[in-house]
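Written below as structure tokens is the structure these notes are about.
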Amino acid sequence: MVAKYNPGEMEKKWQQKWAEDRLYEVNEADLRPKWYALTMFPYTSGDLHIGHWYAMAPADVHARFKRLQGYNVLHPMGFDTFGLPAENAAISRGIHPFTWTMQNVDNMRRQLKSMGAIYDWSREVITCLPEYYKWTQWFFLKLYENGLAYRGKAPVNWCPLCQTVLANEQVVDGFCERCGAPVTRRDLEQWFLRITKYADELMQHNGIDWPERIKTMQRNWVGKSLGTEISFALDRPGVDEREIRVFTTRPDTTFGVTFMVLAPEHSLVAKLTSPDMKAEVGEYVARSQRLTEVERLSTEREKDGVFTGAYVINRLNGESVPIWIADYVLLSYGTGAVMAVPAHDERDFAFAKKYNLPIRVVIAPPGWQGEELEAAYTEPGTMVNSGQFNGLPSEEGINAITGFLEERGWGRRTTIYRLRDWLISRQRYWGAPIPMIYCPNCGVVPVLEEDLPVLLPEDAEFRPTGESPLKYHQGFVNTTCPRCSGPAERETDTMDTFMCSSWYFLRYVSPNCNTAPFDADQVEYWLPVDLYTGGAEHAVMHLLYARFFIKALRDMGLVDFDEPFTRLFNQGVIIAQKQKMSKSRGNVITPDEYVSELGADAVRAYLMFVAPWEHGGEWDDSGISGVSRWLNRVWNLVLGGYSCSGEVSPAVQQKVERELSRIRHQSIRKVTDDLERLRFNTMIAALMEFTNHLDKVKQAGAVDYLHWTENVDTLLLLLTPTAPHMAEELWQRTGHSYSIHNQGWPQWDEEMAKDEEITLVVQVNGKLRDRIMVPTSISEAQARQLALESQRVKAHLEGKEIINTIYVPGRLVNLVVR
RNA sequence: GCCGGGGUGGCGGAAUUGGCAGACGCAGCGGACUUAAAAUCCGCCGGAGUAAUCCUUGUGGGUUCGAGUCCCACCCUCGGCACCA
């Protein structure tokens, strides 16, 4: 009787053994080629759920596969720990964020270990520990030194619930990405990182293998647009400014400008507004500031605005044009001022209709007879009412007008971006303090490198007040100026968590380095990351920030590569009860009970089998039982003993052995190929088919013992990345020496994998009429002959004339008849 | 509205990139073992039809000897972006 498959005990046993033997610890002295396999580290929100496993288990399978293939594989794991969720959770539970976070780290590490991954735990990184955030602060100082970090006053996104400012990337449709509260705007002094310096480079994804989807999202996010900046002359008593500049992508419509619109926050508004319009304008400005981002950005809202009483001159035709303000114009985009061409822009058209402003056609639609337009005409056309440019196709007009303006110094070609600088100040406790000091004498002074880290005081009151909790911690705030040694105050804001995750992948290579954020030699050896896997939700946040960081570090001479992640792959989402898993929905599935009942190997395999990795899928208990059954069958197949039947004729035995060998080689090829392409679902299917075939062979007892063990060994090796515990146990029980994880990946022979016989499909007029087993070596003439001889085919040729025959070698004969 | 992914059995999904549609698995049905059940094993399993055969990859058209795969139009769905001048 075969011992029962008991994954619980067995898995624990091997995990302990591997840890004791430091089987998965790696170092750069290894002579094998390196492979850096990285999975996005989890945020320490509490329990690990099956969604985390979905991200991590297949990634581990691939990393194990590379390891068996002979690579020196670094596959590290760590924890992203700073940030609002931890702080909010700690507040609601009345415990310190550090305590809460580290409890979660312990729990999640335990759960992760039960997965049986090859994580090198000696390299674990935890972002909220001073040993780590010291270097996050160090990077901030470097960015500051290089002019990439600056302090500025700006209208910022403010979440009234989280009581902090948010980066643009954290505002989703006008709502806070974290808590869902509507975001309002505030003017605050904040720290920014100059990511816009790299706007152009961030749009390029040269030499990296990333999903098209993510690249498109990043390009859209950066939002490059080529256009013209045009100066309109301003002549206003008491106003120093002599012009207002606008940005447009349609300079060809400049003769059609009938008004100008400024953003309500535009710095000229107060100066320009005529006395009689002051009250109305003031009220409008105040109102638009009160509006939440959602309300303001709603496209359904009717556009409104107020006349300022002032005018600018359109230099092209000398016309005086009224200046309005309206909140559909955004201060943050372009120059915060727009030339309005109602005839050729939908927004301007609606605005002009509402306020009875003139609509002048300057681009004639095809067949236009001078009649009034029903709607804005935004397509190309012929220029009219445009002075010397009349008759020109509008596409040419873009260049012609821009050139004309440039010659006179009235305008210039320019490129603008939607991307804004990255706002990293957070008025919250649970983050890395920004290492800056404000001195009454010396101004803004960076903390000295040797004084890092600026420690986050444990005893600060961390309840949100709208200002940084650190502000009220005297021991923290009061310090001395590094320059003049006089009394000074610390910056009390902390950094956006995305700062921490922008460089963690560099820390893994030398986690204990205490003289620098990383050991340069190690980085040179391991980086860039060969395969980075994680969710697509990070497309315009983490993934963009990390790229920015690397480019900035490269320009500082700290690293010598351009892109951090050579290949990126986004797995899908695992849902439960047709919905995304979340605590609030109460449908979170924890791996623990499945692991103890069916084994980690079964959970790993099931997650890969449900669907293609990039799709994600529905967690289904009856689905996992199928995979579990299969693993049990493998167990029994391998341990159940094998005996030759003795009744099989040598000829039959030889045939069966040849077939088995062919299937073995085909299985190796299929599994290898699927793993390489991260097609885990079909890889498992191939393993199942191989198992099924071995089952049949075993029942017949038709091959000799040597053939049998050879094939069983291959099955175990192919199974190793997927079911590392079971493979190890069966490897040992079949008399091999420890460890299967140090074996080489099986190779296939293309000759051996070749089919000897194929099913020749015979079609008549493209319809399947017969299938004939033929040797692979069959000639075209023979194939045609067999097709014509087929009884089934003959019935369809009755009384018809064959006018054409298509022959596809190894596949089919198609007889075309009339 | 714009950009991208996707629509295949009762279900999850396969299909060597234009060549046997439905691999593998779940569920279901029938059988073996069992006093019985579970587990396990064997068989069947897109639809219609006694059968020959016909129909079938969201819908409609097209290209082709041949279309799930390519082209055109439309419908549905999931992501992303959305007053960006």
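Chain labels run A, B, ... following the order of the structure tokens; each chain numbers its residues from 1, and ligands are numbered from 1 in the order shown.
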Q: Could you pull out the residues in region 362-482 of chain A that DSSP calls strand (DSSP E or B) from the backbone, as a ChimeraX atom specification?
A: /A:363-364,382-383,393,411-417,422-423,425-426,433,436-439,443-446,478-480
Selection: 12 Å around Val156 (chain A), only C-alpha atoms (C1' of nucleotides), excl. self and same-chain fewer than 2 positions, as a PDB file with N, CA, C and O atoms, in the first residue's frame:
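In the end it all went to result_10.pdb:
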```pdb
ATOM      1  N   GLY A 152       7.837  74.483  -3.540  1.00  0.00           N
ATOM      2  CA  GLY A 152       7.055  75.441  -4.296  1.00  0.00           C
ATOM      3  C   GLY A 152       5.657  75.558  -3.751  1.00  0.00           C
ATOM      4  O   GLY A 152       5.138  74.632  -3.120  1.00  0.00           O
ATOM      5  N   LYS A 153       5.082  76.732  -3.982  1.00  0.00           N
ATOM      6  CA  LYS A 153       3.703  76.915  -3.574  1.00  0.00           C
ATOM      7  C   LYS A 153       2.844  76.604  -4.781  1.00  0.00           C
ATOM      8  O   LYS A 153       3.106  77.101  -5.874  1.00  0.00           O
ATOM      9  N   ALA A 154       1.871  75.791  -4.563  1.00  0.00           N
ATOM     10  CA  ALA A 154       1.058  75.405  -5.706  1.00  0.00           C
ATOM     11  C   ALA A 154      -0.302  74.955  -5.232  1.00  0.00           C
ATOM     12  O   ALA A 154      -0.454  74.510  -4.096  1.00  0.00           O
ATOM     13  N   TRP A 158      -6.172  68.099  -2.275  1.00  0.00           N
ATOM     14  CA  TRP A 158      -6.275  67.925  -0.838  1.00  0.00           C
ATOM     15  C   TRP A 158      -7.387  66.950  -0.537  1.00  0.00           C
ATOM     16  O   TRP A 158      -8.521  67.120  -1.001  1.00  0.00           O
ATOM     17  N   CYS A 159      -7.036  65.917   0.223  1.00  0.00           N
ATOM     18  CA  CYS A 159      -8.079  64.986   0.621  1.00  0.00           C
ATOM     19  C   CYS A 159      -8.530  65.343   2.027  1.00  0.00           C
ATOM     20  O   CYS A 159      -7.745  65.221   2.971  1.00  0.00           O
ATOM     21  N   THR A 164      -4.503  65.133   3.962  1.00  0.00           N
ATOM     22  CA  THR A 164      -3.176  65.296   3.380  1.00  0.00           C
ATOM     23  C   THR A 164      -3.314  65.660   1.907  1.00  0.00           C
ATOM     24  O   THR A 164      -4.395  65.530   1.328  1.00  0.00           O
ATOM     25  N   VAL A 165      -2.217  66.124   1.345  1.00  0.00           N
ATOM     26  CA  VAL A 165      -2.233  66.381  -0.089  1.00  0.00           C
ATOM     27  C   VAL A 165      -1.967  65.068  -0.816  1.00  0.00           C
ATOM     28  O   VAL A 165      -1.443  64.116  -0.249  1.00  0.00           O
ATOM     29  N   LEU A 166      -2.357  65.040  -2.067  1.00  0.00           N
ATOM     30  CA  LEU A 166      -2.182  63.837  -2.864  1.00  0.00           C
ATOM     31  C   LEU A 166      -1.460  64.201  -4.157  1.00  0.00           C
ATOM     32  O   LEU A 166      -1.596  65.314  -4.656  1.00  0.00           O
ATOM     33  N   ALA A 167      -0.728  63.244  -4.683  1.00  0.00           N
ATOM     34  CA  ALA A 167      -0.141  63.432  -6.013  1.00  0.00           C
ATOM     35  C   ALA A 167      -1.261  63.314  -7.042  1.00  0.00           C
ATOM     36  O   ALA A 167      -2.282  62.686  -6.770  1.00  0.00           O
ATOM     37  N   ASN A 168      -1.047  63.908  -8.220  1.00  0.00           N
ATOM     38  CA  ASN A 168      -2.047  63.784  -9.288  1.00  0.00           C
ATOM     39  C   ASN A 168      -2.405  62.328  -9.536  1.00  0.00           C
ATOM     40  O   ASN A 168      -3.553  61.992  -9.799  1.00  0.00           O
ATOM     41  N   GLN A 170      -2.663  60.034  -7.533  1.00  0.00           N
ATOM     42  CA  GLN A 170      -3.487  59.421  -6.484  1.00  0.00           C
ATOM     43  C   GLN A 170      -4.908  59.969  -6.480  1.00  0.00           C
ATOM     44  O   GLN A 170      -5.696  59.649  -5.609  1.00  0.00           O
ATOM     45  N   VAL A 171      -5.195  60.832  -7.450  1.00  0.00           N
ATOM     46  CA  VAL A 171      -6.548  61.360  -7.587  1.00  0.00           C
ATOM     47  C   VAL A 171      -7.196  60.644  -8.757  1.00  0.00           C
ATOM     48  O   VAL A 171      -6.729  60.731  -9.882  1.00  0.00           O
ATOM     49  N   VAL A 183     -11.852  65.155  -3.697  1.00  0.00           N
ATOM     50  CA  VAL A 183     -10.633  65.931  -3.486  1.00  0.00           C
ATOM     51  C   VAL A 183     -10.893  67.422  -3.735  1.00  0.00           C
ATOM     52  O   VAL A 183     -11.569  67.780  -4.691  1.00  0.00           O
ATOM     53  N   THR A 184     -10.399  68.256  -2.844  1.00  0.00           N
ATOM     54  CA  THR A 184     -10.521  69.711  -3.053  1.00  0.00           C
ATOM     55  C   THR A 184      -9.125  70.271  -3.321  1.00  0.00           C
ATOM     56  O   THR A 184      -8.143  69.535  -3.317  1.00  0.00           O
ATOM     57  N   ARG A 185      -9.056  71.590  -3.548  1.00  0.00           N
ATOM     58  CA  ARG A 185      -7.770  72.171  -3.863  1.00  0.00           C
ATOM     59  C   ARG A 185      -7.343  73.181  -2.807  1.00  0.00           C
ATOM     60  O   ARG A 185      -8.154  73.887  -2.223  1.00  0.00           O
ATOM     61  N   ARG A 186      -6.071  73.215  -2.554  1.00  0.00           N
ATOM     62  CA  ARG A 186      -5.516  74.138  -1.586  1.00  0.00           C
ATOM     63  C   ARG A 186      -4.204  74.674  -2.113  1.00  0.00           C
ATOM     64  O   ARG A 186      -3.491  73.979  -2.844  1.00  0.00           O
ATOM     65  N   ASP A 187      -3.854  75.868  -1.690  1.00  0.00           N
ATOM     66  CA  ASP A 187      -2.529  76.397  -2.011  1.00  0.00           C
ATOM     67  C   ASP A 187      -1.609  76.123  -0.845  1.00  0.00           C
ATOM     68  O   ASP A 187      -1.846  76.589   0.263  1.00  0.00           O
ATOM     69  N   LEU A 188      -0.560  75.363  -1.064  1.00  0.00           N
ATOM     70  CA  LEU A 188       0.363  75.028   0.025  1.00  0.00           C
ATOM     71  C   LEU A 188       1.797  75.029  -0.472  1.00  0.00           C
ATOM     72  O   LEU A 188       2.068  74.802  -1.653  1.00  0.00           O
ATOM     73  N   GLU A 189       2.719  75.261   0.463  1.00  0.00           N
ATOM     74  CA  GLU A 189       4.149  75.119   0.179  1.00  0.00           C
ATOM     75  C   GLU A 189       4.482  73.641   0.282  1.00  0.00           C
ATOM     76  O   GLU A 189       4.272  73.025   1.327  1.00  0.00           O
ATOM     77  N   GLN A 190       5.009  73.096  -0.781  1.00  0.00           N
ATOM     78  CA  GLN A 190       5.197  71.660  -0.827  1.00  0.00           C
ATOM     79  C   GLN A 190       6.524  71.317  -1.482  1.00  0.00           C
ATOM     80  O   GLN A 190       7.066  72.109  -2.237  1.00  0.00           O
ATOM     81  N   TRP A 191       6.981  70.091  -1.238  1.00  0.00           N
ATOM     82  CA  TRP A 191       8.170  69.596  -1.938  1.00  0.00           C
ATOM     83  C   TRP A 191       7.768  68.827  -3.184  1.00  0.00           C
ATOM     84  O   TRP A 191       6.854  68.010  -3.149  1.00  0.00           O
ATOM     85  N   PHE A 192       8.466  69.154  -4.265  1.00  0.00           N
ATOM     86  CA  PHE A 192       8.200  68.504  -5.549  1.00  0.00           C
ATOM     87  C   PHE A 192       9.465  67.858  -6.084  1.00  0.00           C
ATOM     88  O   PHE A 192      10.565  68.344  -5.830  1.00  0.00           O
ATOM     89  N   GLN A 289     -12.859  77.933  -6.542  1.00  0.00           N
ATOM     90  CA  GLN A 289     -11.891  77.347  -5.616  1.00  0.00           C
ATOM     91  C   GLN A 289     -12.572  76.386  -4.638  1.00  0.00           C
ATOM     92  O   GLN A 289     -11.973  75.438  -4.174  1.00  0.00           O
ATOM     93  N   THR A 292     -15.076  71.054  -5.761  1.00  0.00           N
ATOM     94  CA  THR A 292     -14.167  69.915  -5.701  1.00  0.00           C
ATOM     95  C   THR A 292     -13.671  69.646  -7.118  1.00  0.00           C
ATOM     96  O   THR A 292     -14.251  70.126  -8.091  1.00  0.00           O
ATOM     97  N   GLU A 293     -12.620  68.864  -7.172  1.00  0.00           N
ATOM     98  CA  GLU A 293     -12.030  68.499  -8.464  1.00  0.00           C
ATOM     99  C   GLU A 293     -13.070  67.817  -9.358  1.00  0.00           C
ATOM    100  O   GLU A 293     -13.156  68.098 -10.539  1.00  0.00           O
ATOM    101  N   LEU A 331      -5.228  76.035 -14.876  1.00  0.00           N
ATOM    102  CA  LEU A 331      -3.984  76.766 -14.682  1.00  0.00           C
ATOM    103  C   LEU A 331      -2.774  75.862 -14.921  1.00  0.00           C
ATOM    104  O   LEU A 331      -1.730  76.294 -15.412  1.00  0.00           O
ATOM    105  N   SER A 332      -2.962  74.587 -14.591  1.00  0.00           N
ATOM    106  CA  SER A 332      -1.816  73.678 -14.608  1.00  0.00           C
ATOM    107  C   SER A 332      -1.436  73.215 -16.013  1.00  0.00           C
ATOM    108  O   SER A 332      -0.409  72.579 -16.197  1.00  0.00           O
ATOM    109  N   ARG A 420       2.791  66.526 -14.537  1.00  0.00           N
ATOM    110  CA  ARG A 420       3.185  67.571 -13.581  1.00  0.00           C
ATOM    111  C   ARG A 420       4.341  67.061 -12.734  1.00  0.00           C
ATOM    112  O   ARG A 420       4.585  65.854 -12.671  1.00  0.00           O
ATOM    113  N   ASP A 421       5.029  67.945 -12.075  1.00  0.00           N
ATOM    114  CA  ASP A 421       6.073  67.500 -11.168  1.00  0.00           C
ATOM    115  C   ASP A 421       5.432  66.697 -10.035  1.00  0.00           C
ATOM    116  O   ASP A 421       4.268  66.892  -9.706  1.00  0.00           O
ATOM    117  N   TRP A 422       6.232  65.814  -9.486  1.00  0.00           N
ATOM    118  CA  TRP A 422       5.719  64.850  -8.503  1.00  0.00           C
ATOM    119  C   TRP A 422       5.747  65.475  -7.104  1.00  0.00           C
ATOM    120  O   TRP A 422       6.793  65.788  -6.581  1.00  0.00           O
ATOM    121  N   LEU A 423       4.560  65.634  -6.553  1.00  0.00           N
ATOM    122  CA  LEU A 423       4.441  66.232  -5.228  1.00  0.00           C
ATOM    123  C   LEU A 423       4.636  65.150  -4.177  1.00  0.00           C
ATOM    124  O   LEU A 423       3.860  64.202  -4.127  1.00  0.00           O
ATOM    125  N   ILE A 424       5.662  65.278  -3.359  1.00  0.00           N
ATOM    126  CA  ILE A 424       5.957  64.179  -2.429  1.00  0.00           C
ATOM    127  C   ILE A 424       5.686  64.512  -0.954  1.00  0.00           C
ATOM    128  O   ILE A 424       5.829  63.647  -0.102  1.00  0.00           O
ATOM    129  N   SER A 425       5.307  65.769  -0.637  1.00  0.00           N
ATOM    130  CA  SER A 425       5.042  66.102   0.774  1.00  0.00           C
ATOM    131  C   SER A 425       3.738  65.471   1.238  1.00  0.00           C
ATOM    132  O   SER A 425       2.744  65.502   0.527  1.00  0.00           O
ATOM    133  N   ARG A 426       3.773  64.913   2.436  1.00  0.00           N
ATOM    134  CA  ARG A 426       2.548  64.365   3.028  1.00  0.00           C
ATOM    135  C   ARG A 426       2.445  64.873   4.456  1.00  0.00           C
ATOM    136  O   ARG A 426       3.403  64.757   5.218  1.00  0.00           O
TER     137      ARG A 426
END
```
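Proximity of A:Val261, A:Leu637, A:Ala149, A:Leu715 to Val671 (chain A), computed with only C-alpha atoms, is greatest for A:Leu715.
Summary of the local environment: counting only C-alpha atoms (C1' of nucleotides), residues at most 12 Å from G43 (chain B), other than itself and those fewer than 6 positions away along its chain, are C29, G30, G31 and A32 of chain B.
Note that the spacing between CA of Pro724 (chain A) and CA of Gly116 (chain A) amounts to 7.2 Å.
Once G6 (chain B) and its same-chain neighbours fewer than 6 positions away are set aside, His615 of chain A; G58, C76, U77, C78 and G79 of chain B remain within 12 Å of it when counting only C-alpha atoms (C1' of nucleotides).
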Q: Enumerate the residues of region 8-53 of chain A with a DSSP assignment of alpha helix (DSSP H), computed from the backbone, and present them as a ChimeraX atom specification.
A: /A:8-20,50-53
Let's have the selection written as a PDB file, in the first residue's frame, with N, CA, C and O atoms.
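Saved to out29.pdb:
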```pdb
ATOM      1  N   GLY A   8       0.612  18.613   4.115  1.00  0.00           N
ATOM      2  CA  GLY A   8       0.835  19.480   5.261  1.00  0.00           C
ATOM      3  C   GLY A   8       2.192  19.277   5.911  1.00  0.00           C
ATOM      4  O   GLY A   8       3.036  20.171   5.923  1.00  0.00           O
ATOM      5  N   GLU A   9       2.431  18.057   6.390  1.00  0.00           N
ATOM      6  CA  GLU A   9       3.682  17.752   7.084  1.00  0.00           C
ATOM      7  C   GLU A   9       4.884  17.844   6.159  1.00  0.00           C
ATOM      8  O   GLU A   9       5.916  18.409   6.495  1.00  0.00           O
ATOM      9  N   MET A  10       4.671  17.243   4.971  1.00  0.00           N
ATOM     10  CA  MET A  10       5.770  17.134   4.031  1.00  0.00           C
ATOM     11  C   MET A  10       6.291  18.516   3.609  1.00  0.00           C
ATOM     12  O   MET A  10       7.493  18.750   3.561  1.00  0.00           O
ATOM     13  N   GLU A  11       5.376  19.422   3.342  1.00  0.00           N
ATOM     14  CA  GLU A  11       5.789  20.747   2.869  1.00  0.00           C
ATOM     15  C   GLU A  11       6.571  21.485   3.950  1.00  0.00           C
ATOM     16  O   GLU A  11       7.582  22.114   3.682  1.00  0.00           O
ATOM     17  N   LYS A  12       6.070  21.374   5.168  1.00  0.00           N
ATOM     18  CA  LYS A  12       6.751  22.042   6.279  1.00  0.00           C
ATOM     19  C   LYS A  12       8.164  21.484   6.433  1.00  0.00           C
ATOM     20  O   LYS A  12       9.129  22.209   6.616  1.00  0.00           O
ATOM     21  N   LYS A  13       8.249  20.176   6.328  1.00  0.00           N
ATOM     22  CA  LYS A  13       9.552  19.509   6.482  1.00  0.00           C
ATOM     23  C   LYS A  13      10.570  20.042   5.473  1.00  0.00           C
ATOM     24  O   LYS A  13      11.681  20.419   5.835  1.00  0.00           O
ATOM     25  N   TRP A  14      10.163  20.115   4.228  1.00  0.00           N
ATOM     26  CA  TRP A  14      11.114  20.554   3.202  1.00  0.00           C
ATOM     27  C   TRP A  14      11.437  22.042   3.320  1.00  0.00           C
ATOM     28  O   TRP A  14      12.567  22.450   3.107  1.00  0.00           O
ATOM     29  N   GLN A  15      10.422  22.831   3.683  1.00  0.00           N
ATOM     30  CA  GLN A  15      10.695  24.258   3.839  1.00  0.00           C
ATOM     31  C   GLN A  15      11.766  24.480   4.901  1.00  0.00           C
ATOM     32  O   GLN A  15      12.663  25.300   4.735  1.00  0.00           O
ATOM     33  N   GLN A  16      11.659  23.701   5.982  1.00  0.00           N
ATOM     34  CA  GLN A  16      12.661  23.821   7.046  1.00  0.00           C
ATOM     35  C   GLN A  16      14.037  23.391   6.553  1.00  0.00           C
ATOM     36  O   GLN A  16      15.038  24.049   6.803  1.00  0.00           O
ATOM     37  N   LYS A  17      14.036  22.288   5.844  1.00  0.00           N
ATOM     38  CA  LYS A  17      15.314  21.753   5.353  1.00  0.00           C
ATOM     39  C   LYS A  17      15.976  22.749   4.386  1.00  0.00           C
ATOM     40  O   LYS A  17      17.170  23.030   4.494  1.00  0.00           O
ATOM     41  N   TRP A  18      15.202  23.282   3.469  1.00  0.00           N
ATOM     42  CA  TRP A  18      15.769  24.233   2.494  1.00  0.00           C
ATOM     43  C   TRP A  18      16.330  25.466   3.210  1.00  0.00           C
ATOM     44  O   TRP A  18      17.370  25.980   2.834  1.00  0.00           O
ATOM     45  N   ALA A  19      15.580  25.901   4.251  1.00  0.00           N
ATOM     46  CA  ALA A  19      16.041  27.078   4.987  1.00  0.00           C
ATOM     47  C   ALA A  19      17.333  26.778   5.729  1.00  0.00           C
ATOM     48  O   ALA A  19      18.290  27.540   5.679  1.00  0.00           O
ATOM     49  N   GLU A  20      17.375  25.609   6.383  1.00  0.00           N
ATOM     50  CA  GLU A  20      18.591  25.214   7.108  1.00  0.00           C
ATOM     51  C   GLU A  20      19.782  25.130   6.167  1.00  0.00           C
ATOM     52  O   GLU A  20      20.896  25.514   6.520  1.00  0.00           O
ATOM     53  N   ILE A  50      -5.429  35.484  -1.374  1.00  0.00           N
ATOM     54  CA  ILE A  50      -5.115  34.642  -2.513  1.00  0.00           C
ATOM     55  C   ILE A  50      -4.633  35.491  -3.695  1.00  0.00           C
ATOM     56  O   ILE A  50      -3.889  35.015  -4.549  1.00  0.00           O
ATOM     57  N   GLY A  51      -5.038  36.765  -3.712  1.00  0.00           N
ATOM     58  CA  GLY A  51      -4.568  37.680  -4.755  1.00  0.00           C
ATOM     59  C   GLY A  51      -3.059  37.881  -4.691  1.00  0.00           C
ATOM     60  O   GLY A  51      -2.393  37.964  -5.716  1.00  0.00           O
ATOM     61  N   HIS A  52      -2.512  37.944  -3.471  1.00  0.00           N
ATOM     62  CA  HIS A  52      -1.059  38.045  -3.335  1.00  0.00           C
ATOM     63  C   HIS A  52      -0.387  36.786  -3.887  1.00  0.00           C
ATOM     64  O   HIS A  52       0.628  36.856  -4.566  1.00  0.00           O
ATOM     65  N   TRP A  53      -0.972  35.658  -3.557  1.00  0.00           N
ATOM     66  CA  TRP A  53      -0.423  34.399  -4.060  1.00  0.00           C
ATOM     67  C   TRP A  53      -0.460  34.362  -5.575  1.00  0.00           C
ATOM     68  O   TRP A  53       0.414  33.818  -6.219  1.00  0.00           O
TER      69      TRP A  53
END
```
Q: Mind checking which residues fall within 12 Å of region 65-71 of chain B, counting only C-alpha atoms (C1' of nucleotides), ignoring those fewer than 2 positions away in the same chain, and posting them as a ChimeraX atom specification?
A: /A:762-768,802-808,812-818 /B:7-8,14-15,17-19,21-22,56-58,61-63,73
Q: Using only C-alpha atoms (C1' of nucleotides), select each residue of chain B with any atom at most 10 Å away from an atom of chain A, and give the selection as a ChimeraX atom specification.
A: /B:3-5,12-14,19-20,23-27,65-66,79-85
Q: Name the residues in contact with Lys142 (chain A) at a cut-off of 9 Å, using only C-alpha atoms (C1' of nucleotides), excluding same-chain residues fewer than 5 positions from it; report them as a PyMOL selection string.
A: chain A and resi 137+147-149+553+556
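CA of Leu23 (chain A) sits 22.6 Å away from CA of Leu506 (chain A).
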